[in-house]
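Text of the file entry.txt, holding compact mmCIF, C-alpha atoms:
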```txt
# COMPACT_ATOMS: atom_id res chain seq x y z
CA MET A 7 75.30 -8.81 -53.79
CA LYS A 8 72.75 -6.18 -52.83
CA LYS A 9 69.25 -7.26 -51.89
CA GLU A 10 66.54 -5.89 -54.15
CA PHE A 11 63.12 -4.71 -53.00
CA VAL A 12 60.07 -2.99 -54.40
CA VAL A 13 57.98 -0.74 -52.16
CA ILE A 14 54.52 0.13 -53.50
CA GLY A 15 52.85 3.10 -51.79
CA LEU A 16 55.00 6.00 -50.65
CA GLY A 17 52.97 7.36 -47.74
CA ARG A 18 54.42 7.67 -44.25
CA PHE A 19 54.82 3.91 -43.73
CA GLY A 20 56.05 3.02 -47.22
CA GLY A 21 58.33 6.04 -47.32
CA SER A 22 59.97 5.11 -44.03
CA ILE A 23 60.59 1.57 -45.33
CA VAL A 24 62.23 2.94 -48.49
CA ARG A 25 64.54 5.18 -46.47
CA GLU A 26 65.50 2.42 -44.06
CA LEU A 27 66.15 -0.16 -46.80
CA VAL A 28 68.35 2.32 -48.68
CA SER A 29 70.26 3.07 -45.45
CA LEU A 30 70.83 -0.71 -45.16
CA ASN A 31 72.44 -0.69 -48.62
CA ALA A 32 69.55 -2.39 -50.45
CA ASP A 33 68.43 -1.57 -53.99
CA VAL A 34 64.87 -0.24 -53.87
CA MET A 35 62.33 0.47 -56.58
CA ALA A 36 59.76 2.89 -55.12
CA ILE A 37 56.34 2.97 -56.79
CA ASP A 38 53.31 5.19 -56.23
CA ILE A 39 50.33 6.26 -58.32
CA SER A 40 51.07 9.90 -57.38
CA PRO A 41 53.82 11.56 -59.48
CA ASP A 42 54.37 14.10 -56.67
CA ARG A 43 55.19 11.38 -54.16
CA VAL A 44 57.44 9.66 -56.68
CA ASP A 45 59.31 12.95 -57.20
CA ASP A 46 59.94 13.12 -53.45
CA PHE A 47 61.78 9.77 -53.63
CA ALA A 48 63.62 10.25 -56.93
CA GLN A 49 66.84 11.11 -55.08
CA ILE A 50 66.35 8.54 -52.31
CA ALA A 51 65.33 5.24 -53.93
CA THR A 52 67.43 3.42 -56.54
CA THR A 53 64.51 3.87 -58.95
CA ALA A 54 61.24 5.78 -58.42
CA VAL A 55 58.30 5.14 -60.75
CA ALA A 56 54.78 6.54 -61.05
CA ALA A 57 52.46 3.63 -61.90
CA ASP A 58 49.02 2.19 -61.24
CA THR A 59 49.85 -1.16 -59.63
CA THR A 60 46.30 -2.46 -60.15
CA ASP A 61 47.21 -2.60 -63.87
CA GLU A 62 48.89 -5.97 -64.51
CA SER A 63 50.57 -4.85 -67.74
CA ALA A 64 52.09 -1.85 -65.93
CA LEU A 65 53.57 -4.10 -63.25
CA ARG A 66 54.89 -6.61 -65.78
CA SER A 67 56.54 -3.82 -67.78
CA LEU A 68 58.52 -2.87 -64.66
CA GLY A 69 60.00 -6.37 -64.42
CA ILE A 70 58.41 -6.79 -61.00
CA ARG A 71 58.82 -10.57 -60.90
CA ASN A 72 62.63 -10.15 -60.97
CA PHE A 73 62.58 -8.65 -57.47
CA GLU A 74 62.88 -11.05 -54.53
CA HIS A 75 60.59 -9.12 -52.15
CA VAL A 76 57.75 -6.66 -52.72
CA VAL A 77 56.23 -4.56 -49.92
CA VAL A 78 52.69 -3.31 -50.55
CA ALA A 79 52.31 -0.25 -48.33
CA ILE A 80 49.25 1.27 -50.01
CA GLY A 81 47.42 3.50 -47.54
CA GLU A 82 43.66 3.99 -47.44
CA ASN A 83 42.71 2.25 -50.69
CA ILE A 84 42.03 -1.32 -49.53
CA GLN A 85 40.76 -2.39 -52.97
CA ALA A 86 44.02 -1.25 -54.62
CA SER A 87 46.01 -3.07 -51.93
CA ILE A 88 44.13 -6.34 -52.54
CA LEU A 89 44.24 -6.10 -56.36
CA THR A 90 47.95 -5.27 -56.31
CA THR A 91 48.66 -8.26 -54.06
CA LEU A 92 46.67 -10.56 -56.35
CA ILE A 93 48.56 -9.39 -59.42
CA LEU A 94 51.93 -9.80 -57.67
CA LYS A 95 50.98 -13.41 -56.89
CA GLU A 96 49.85 -13.92 -60.50
CA VAL A 97 53.13 -12.70 -61.99
CA GLY A 98 55.14 -14.90 -59.65
CA VAL A 99 56.73 -12.59 -57.05
CA LYS A 100 58.44 -14.82 -54.48
CA ARG A 101 57.76 -12.85 -51.30
CA ILE A 102 55.04 -10.28 -50.63
CA THR A 103 54.61 -8.27 -47.43
CA VAL A 104 51.44 -6.18 -47.19
CA LYS A 105 50.26 -3.48 -44.80
CA ALA A 106 46.74 -4.20 -43.50
CA GLN A 107 44.29 -1.50 -42.47
CA ASN A 108 42.17 -3.76 -40.27
CA ASP A 109 41.59 -7.41 -39.36
CA TYR A 110 39.15 -7.99 -42.24
CA HIS A 111 41.68 -6.63 -44.73
CA ALA A 112 44.35 -8.88 -43.16
CA LYS A 113 42.18 -12.00 -43.55
CA VAL A 114 41.61 -11.27 -47.23
CA LEU A 115 45.33 -10.67 -47.80
CA GLN A 116 46.20 -13.97 -46.12
CA LYS A 117 43.61 -15.84 -48.20
CA ILE A 118 44.97 -14.49 -51.48
CA GLY A 119 48.53 -15.46 -50.61
CA ALA A 120 50.36 -12.57 -48.93
CA ASP A 121 53.45 -14.03 -47.24
CA GLN A 122 53.42 -11.53 -44.39
CA VAL A 123 50.73 -9.12 -43.22
CA VAL A 124 51.70 -6.22 -40.96
CA HIS A 125 49.56 -3.88 -38.84
CA PRO A 126 51.87 -0.91 -38.17
CA GLU A 127 49.27 1.39 -36.58
CA ARG A 128 47.80 -1.35 -34.34
CA ASP A 129 51.22 -2.66 -33.33
CA MET A 130 52.54 0.82 -32.55
CA GLY A 131 49.41 1.47 -30.48
CA LYS A 132 50.11 -1.67 -28.43
CA ARG A 133 53.75 -0.69 -27.93
CA ILE A 134 52.85 2.80 -26.77
CA ALA A 135 50.09 1.52 -24.46
CA ASN A 136 52.48 -0.95 -22.82
CA ASN A 137 55.10 1.77 -22.37
CA LEU A 138 52.51 4.09 -20.80
CA VAL A 139 51.18 1.47 -18.39
CA SER A 140 54.59 0.40 -17.08
CA ASN A 141 57.63 2.45 -16.12
CA ASN A 142 59.76 -0.67 -16.51
CA ILE A 143 58.73 -1.78 -20.01
CA LEU A 144 60.84 0.14 -22.51
CA ASP A 145 59.80 -1.58 -25.72
CA TYR A 146 57.28 -4.19 -26.79
CA LEU A 147 57.16 -6.41 -29.86
CA GLU A 148 54.19 -8.68 -30.48
CA LEU A 149 55.15 -12.12 -31.84
CA SER A 150 51.59 -13.47 -32.02
CA ASP A 151 48.23 -12.89 -30.36
CA GLU A 152 49.59 -14.41 -27.13
CA TYR A 153 53.39 -14.07 -27.18
CA SER A 154 55.70 -11.04 -27.15
CA ILE A 155 59.26 -9.88 -26.63
CA VAL A 156 59.74 -6.94 -24.28
CA GLU A 157 62.63 -4.84 -23.03
CA ILE A 158 62.44 -4.39 -19.26
CA ARG A 159 64.77 -2.22 -17.21
CA ALA A 160 66.20 -4.01 -14.17
CA ASN A 161 65.53 -2.15 -10.93
CA GLU A 162 66.92 -2.57 -7.42
CA LYS A 163 64.70 -5.62 -6.80
CA LEU A 164 66.63 -7.58 -9.44
CA ALA A 165 70.07 -5.98 -9.23
CA GLY A 166 72.75 -7.99 -7.46
CA TYR A 167 71.08 -11.35 -8.10
CA THR A 168 72.12 -13.97 -10.64
CA LEU A 169 69.66 -15.47 -13.09
CA ILE A 170 69.83 -18.74 -11.16
CA ASP A 171 69.04 -16.88 -7.90
CA LEU A 172 65.96 -15.29 -9.44
CA ASP A 173 64.81 -18.52 -11.15
CA ILE A 174 62.62 -16.40 -13.41
CA ARG A 175 61.76 -19.15 -15.88
CA ALA A 176 60.45 -21.50 -13.19
CA LYS A 177 58.60 -18.80 -11.25
CA TYR A 178 57.08 -16.78 -14.07
CA GLY A 179 57.34 -18.88 -17.27
CA VAL A 180 59.36 -16.26 -19.15
CA ASN A 181 62.88 -16.42 -20.56
CA ILE A 182 65.60 -13.76 -20.49
CA VAL A 183 67.20 -14.25 -23.91
CA ALA A 184 69.64 -11.33 -23.74
CA ILE A 185 70.85 -8.54 -21.48
CA LYS A 186 71.80 -5.08 -22.75
CA ARG A 187 74.41 -3.46 -20.53
CA GLY A 188 75.47 -0.06 -21.76
CA THR A 189 76.80 -0.56 -25.28
CA HIS A 190 77.24 -4.33 -24.80
CA ILE A 191 74.69 -7.09 -25.29
CA LEU A 192 74.92 -10.52 -23.68
CA VAL A 193 73.05 -13.06 -25.82
CA SER A 194 71.81 -16.22 -24.05
CA PRO A 195 73.28 -15.12 -20.69
CA GLN A 196 74.58 -17.84 -18.37
CA ALA A 197 72.64 -18.77 -15.25
CA ILE A 198 75.48 -17.35 -13.10
CA GLU A 199 75.23 -13.91 -14.77
CA GLU A 200 74.56 -11.25 -12.14
CA ILE A 201 72.05 -8.58 -13.08
CA GLU A 202 73.17 -4.99 -12.62
CA LEU A 203 70.99 -1.97 -11.89
CA ASP A 204 69.60 -0.48 -15.13
CA ASP A 205 70.46 -3.54 -17.23
CA ILE A 206 67.89 -3.94 -19.99
CA LEU A 207 66.48 -7.47 -19.99
CA ILE A 208 65.17 -8.87 -23.27
CA VAL A 209 62.31 -11.09 -22.11
CA ILE A 210 60.23 -13.50 -24.21
CA GLY A 211 57.05 -15.24 -23.11
CA SER A 212 53.27 -15.16 -23.14
CA ASP A 213 51.70 -11.75 -22.55
CA LEU A 214 50.11 -13.04 -19.34
CA ASP A 215 53.41 -14.35 -17.96
CA ILE A 216 55.30 -11.19 -18.94
CA HIS A 217 52.77 -8.99 -17.13
CA THR A 218 52.90 -11.28 -14.06
CA PHE A 219 56.71 -11.07 -14.04
CA GLU A 220 56.63 -7.29 -14.46
CA LYS A 221 54.12 -6.83 -11.63
CA LYS A 222 55.49 -9.32 -9.09
CA ALA A 223 59.23 -9.18 -9.69
CA LEU A 224 59.67 -5.45 -10.30
CA HIS A 225 57.18 -3.79 -7.93
```

Any chance you could put this one into structure tokens?
Amino acid sequence: MKKEFVVIGLGRFGGSIVRELVSLNADVMAIDISPDRVDDFAQIATTAVAADTTDESALRSLGIRNFEHVVVAIGENIQASILTTLILKEVGVKRITVKAQNDYHAKVLQKIGADQVVHPERDMGKRIANNLVSNNILDYLELSDEYSIVEIRANEKLAGYTLIDLDIRAKYGVNIVAIKRGTHILVSPQAIEEIELDDILIVIGSDLDIHTFEKKALH
């Protein structure tokens, strides 16, 4: 059975979510207040509708509460984002993910009941900054204010040693949860697994410990 989603706001962020969900074989209703944007997605989304989502009767008429997950990706209009989220809660939508413009907006969204608040611009900025600062960090995903998952390329300082030889967890407080090797991925690698040059290590830990590991073990 296909999963069903609604994406409200068809700007760059919302539009990319619609395309990706459709590519993952989900049913997607795409909604925007702009008929021109809706036209752009008429051939992409399962259904594309022009509607003002701050109007409760308009949302109810679309059967919005029958969808298991609604993504509010409204761009610059913070008031419309907040009102839409409130109405979605009122009509009984089970899961609501909302794009926040800033920390204040995020706090309001959390207070009114958004299940997940995302900061795409801020998070992408952090990922790019981490990639720029380090030649070894390939990707960066923030889990919380203090913890992250990063992809780190193994260099000659790590190659040829097993995980037990390196004792990374004891020395640096981080965990290697997987190793990408070419097209293969080793999940929860054994302590006797030997790291090869250019392996990609999936590392989880506090930001401080990850940076210590990256500086001391790879330089």

Given all atoms listed in the file as the counted atoms, nearest of A:Ile80, A:Arg25, A:Asn31, A:Ala64 to Ile50 (chain A):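 Of A:Ile80, A:Arg25, A:Asn31, A:Ala64, the one nearest Ile50 (chain A) is A:Arg25, counting all atoms listed in the file.
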
Proximity to Lys113 (chain A) - best of A:Val183, A:Val44, A:Ile88, A:Leu68, only C-alpha atoms: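 Closest candidate: A:Ile88.
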
Spatial neighbours of region 122-129 of chain A, 8 Å, only C-alpha atoms, chain gap at least 5 places, as a list of chain:residue names: A:Phe19, A:Ile102, A:Thr103, A:Val104, A:Lys105, A:Ala106, A:Gln107, A:Asn108, A:Ala112, A:Leu115, A:Gln116, A:Leu147, A:Glu148

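One distance worth recording is that between CA of Met35 (chain A) and CA of Val114 (chain A), which is 25.6 Å.
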
Counting all atoms listed in the file, the residue of A:Asp61, A:Asp38, A:Asp46, A:Asp213 that sits nearest Asp151 (chain A): A:Asp213

Residues within 12 Å of (49.6, -11.6, -61.1), counting all atoms listed in the file, listed as a PDB file with C-alpha atoms, in the frame of the given file:
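Dumped everything to result.pdb:
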```pdb
ATOM      1  CA  THR A  59      49.850  -1.160 -59.630  1.00  0.00           C
ATOM      2  CA  THR A  60      46.300  -2.460 -60.150  1.00  0.00           C
ATOM      3  CA  ASP A  61      47.210  -2.600 -63.870  1.00  0.00           C
ATOM      4  CA  GLU A  62      48.890  -5.970 -64.510  1.00  0.00           C
ATOM      5  CA  SER A  63      50.570  -4.850 -67.740  1.00  0.00           C
ATOM      6  CA  ALA A  64      52.090  -1.850 -65.930  1.00  0.00           C
ATOM      7  CA  LEU A  65      53.570  -4.100 -63.250  1.00  0.00           C
ATOM      8  CA  ARG A  66      54.890  -6.610 -65.780  1.00  0.00           C
ATOM      9  CA  ILE A  70      58.410  -6.790 -61.000  1.00  0.00           C
ATOM     10  CA  ARG A  71      58.820 -10.570 -60.900  1.00  0.00           C
ATOM     11  CA  ILE A  88      44.130  -6.340 -52.540  1.00  0.00           C
ATOM     12  CA  LEU A  89      44.240  -6.100 -56.360  1.00  0.00           C
ATOM     13  CA  THR A  90      47.950  -5.270 -56.310  1.00  0.00           C
ATOM     14  CA  THR A  91      48.660  -8.260 -54.060  1.00  0.00           C
ATOM     15  CA  LEU A  92      46.670 -10.560 -56.350  1.00  0.00           C
ATOM     16  CA  ILE A  93      48.560  -9.390 -59.420  1.00  0.00           C
ATOM     17  CA  LEU A  94      51.930  -9.800 -57.670  1.00  0.00           C
ATOM     18  CA  LYS A  95      50.980 -13.410 -56.890  1.00  0.00           C
ATOM     19  CA  GLU A  96      49.850 -13.920 -60.500  1.00  0.00           C
ATOM     20  CA  VAL A  97      53.130 -12.700 -61.990  1.00  0.00           C
ATOM     21  CA  GLY A  98      55.140 -14.900 -59.650  1.00  0.00           C
ATOM     22  CA  VAL A  99      56.730 -12.590 -57.050  1.00  0.00           C
ATOM     23  CA  LYS A 100      58.440 -14.820 -54.480  1.00  0.00           C
ATOM     24  CA  ILE A 102      55.040 -10.280 -50.630  1.00  0.00           C
ATOM     25  CA  ILE A 118      44.970 -14.490 -51.480  1.00  0.00           C
ATOM     26  CA  GLY A 119      48.530 -15.460 -50.610  1.00  0.00           C
TER      27      GLY A 119
END
```

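Compared by their closest atoms to Ala160 (chain A), and using only C-alpha atoms, the residues A:Gly188, A:Leu203, A:Asp173, A:Asn83 rank with A:Leu203 nearest.
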
Can you fill out region 164-197 of chain A with N, CA and C atoms and hand it back as a CSV table (one decimal), in the coordinates of the input?
```csv
chain,number,residue,atom,x,y,z
A,164,LEU,N,65.9,-6.5,-8.7
A,164,LEU,CA,66.6,-7.6,-9.4
A,164,LEU,C,68.2,-7.5,-9.4
A,165,ALA,N,68.6,-6.2,-9.2
A,165,ALA,CA,70.1,-6.0,-9.2
A,165,ALA,C,70.8,-6.7,-8.1
A,166,GLY,N,71.9,-7.3,-8.5
A,166,GLY,CA,72.8,-8.0,-7.5
A,166,GLY,C,72.5,-9.5,-7.4
A,167,TYR,N,71.4,-9.9,-8.1
A,167,TYR,CA,71.1,-11.4,-8.1
A,167,TYR,C,71.5,-12.0,-9.4
A,168,THR,N,71.9,-13.3,-9.4
A,168,THR,CA,72.1,-14.0,-10.6
A,168,THR,C,70.8,-14.5,-11.2
A,169,LEU,N,70.9,-14.9,-12.5
A,169,LEU,CA,69.7,-15.5,-13.1
A,169,LEU,C,69.2,-16.7,-12.4
A,170,ILE,N,70.2,-17.5,-11.9
A,170,ILE,CA,69.8,-18.7,-11.2
A,170,ILE,C,69.2,-18.4,-9.8
A,171,ASP,N,69.7,-17.3,-9.2
A,171,ASP,CA,69.0,-16.9,-7.9
A,171,ASP,C,67.6,-16.5,-8.1
A,172,LEU,N,67.3,-15.8,-9.2
A,172,LEU,CA,66.0,-15.3,-9.4
A,172,LEU,C,65.0,-16.4,-10.0
A,173,ASP,N,65.6,-17.4,-10.7
A,173,ASP,CA,64.8,-18.5,-11.2
A,173,ASP,C,63.6,-18.0,-11.9
A,174,ILE,N,63.7,-17.1,-12.8
A,174,ILE,CA,62.6,-16.4,-13.4
A,174,ILE,C,61.8,-17.3,-14.3
A,175,ARG,N,62.5,-18.2,-15.0
A,175,ARG,CA,61.8,-19.2,-15.9
A,175,ARG,C,60.8,-20.0,-15.1
A,176,ALA,N,61.3,-20.6,-14.0
A,176,ALA,CA,60.4,-21.5,-13.2
A,176,ALA,C,59.3,-20.8,-12.5
A,177,LYS,N,59.6,-19.5,-12.0
A,177,LYS,CA,58.6,-18.8,-11.2
A,177,LYS,C,57.6,-18.1,-12.1
A,178,TYR,N,58.0,-17.6,-13.3
A,178,TYR,CA,57.1,-16.8,-14.1
A,178,TYR,C,56.8,-17.3,-15.5
A,179,GLY,N,57.6,-18.3,-15.9
A,179,GLY,CA,57.3,-18.9,-17.3
A,179,GLY,C,57.9,-18.0,-18.4
A,180,VAL,N,58.8,-17.1,-18.1
A,180,VAL,CA,59.4,-16.3,-19.2
A,180,VAL,C,60.9,-16.5,-19.2
A,181,ASN,N,61.4,-16.2,-20.4
A,181,ASN,CA,62.9,-16.4,-20.6
A,181,ASN,C,63.6,-15.1,-20.8
A,182,ILE,N,64.7,-14.9,-20.2
A,182,ILE,CA,65.6,-13.8,-20.5
A,182,ILE,C,66.6,-14.2,-21.6
A,183,VAL,N,66.4,-13.8,-22.8
A,183,VAL,CA,67.2,-14.2,-23.9
A,183,VAL,C,68.4,-13.4,-24.2
A,184,ALA,N,68.5,-12.2,-23.6
A,184,ALA,CA,69.6,-11.3,-23.7
A,184,ALA,C,69.6,-10.2,-22.7
A,185,ILE,N,70.7,-9.7,-22.4
A,185,ILE,CA,70.8,-8.5,-21.5
A,185,ILE,C,71.7,-7.4,-22.2
A,186,LYS,N,71.1,-6.2,-22.3
A,186,LYS,CA,71.8,-5.1,-22.8
A,186,LYS,C,72.4,-4.4,-21.6
A,187,ARG,N,73.7,-4.1,-21.6
A,187,ARG,CA,74.4,-3.5,-20.5
A,187,ARG,C,75.3,-2.4,-21.2
A,188,GLY,N,74.8,-1.2,-21.1
A,188,GLY,CA,75.5,-0.1,-21.8
A,188,GLY,C,75.5,-0.3,-23.3
A,189,THR,N,76.7,-0.3,-23.8
A,189,THR,CA,76.8,-0.6,-25.3
A,189,THR,C,77.0,-2.0,-25.6
A,190,HIS,N,77.0,-2.9,-24.6
A,190,HIS,CA,77.2,-4.3,-24.8
A,190,HIS,C,75.9,-5.1,-24.7
A,191,ILE,N,75.9,-6.2,-25.4
A,191,ILE,CA,74.7,-7.1,-25.3
A,191,ILE,C,75.2,-8.5,-25.1
A,192,LEU,N,74.6,-9.1,-24.0
A,192,LEU,CA,74.9,-10.5,-23.7
A,192,LEU,C,73.8,-11.4,-24.2
A,193,VAL,N,74.1,-12.2,-25.2
A,193,VAL,CA,73.0,-13.1,-25.8
A,193,VAL,C,73.1,-14.4,-25.1
A,194,SER,N,71.9,-15.0,-24.8
A,194,SER,CA,71.8,-16.2,-24.0
A,194,SER,C,72.7,-16.2,-22.8
A,195,PRO,N,72.4,-15.3,-21.9
A,195,PRO,CA,73.3,-15.1,-20.7
A,195,PRO,C,73.3,-16.4,-19.8
A,196,GLN,N,74.4,-16.7,-19.2
A,196,GLN,CA,74.6,-17.8,-18.4
A,196,GLN,C,73.8,-17.7,-17.1
A,197,ALA,N,73.4,-18.8,-16.5
A,197,ALA,CA,72.6,-18.8,-15.2
A,197,ALA,C,73.4,-18.0,-14.1
```
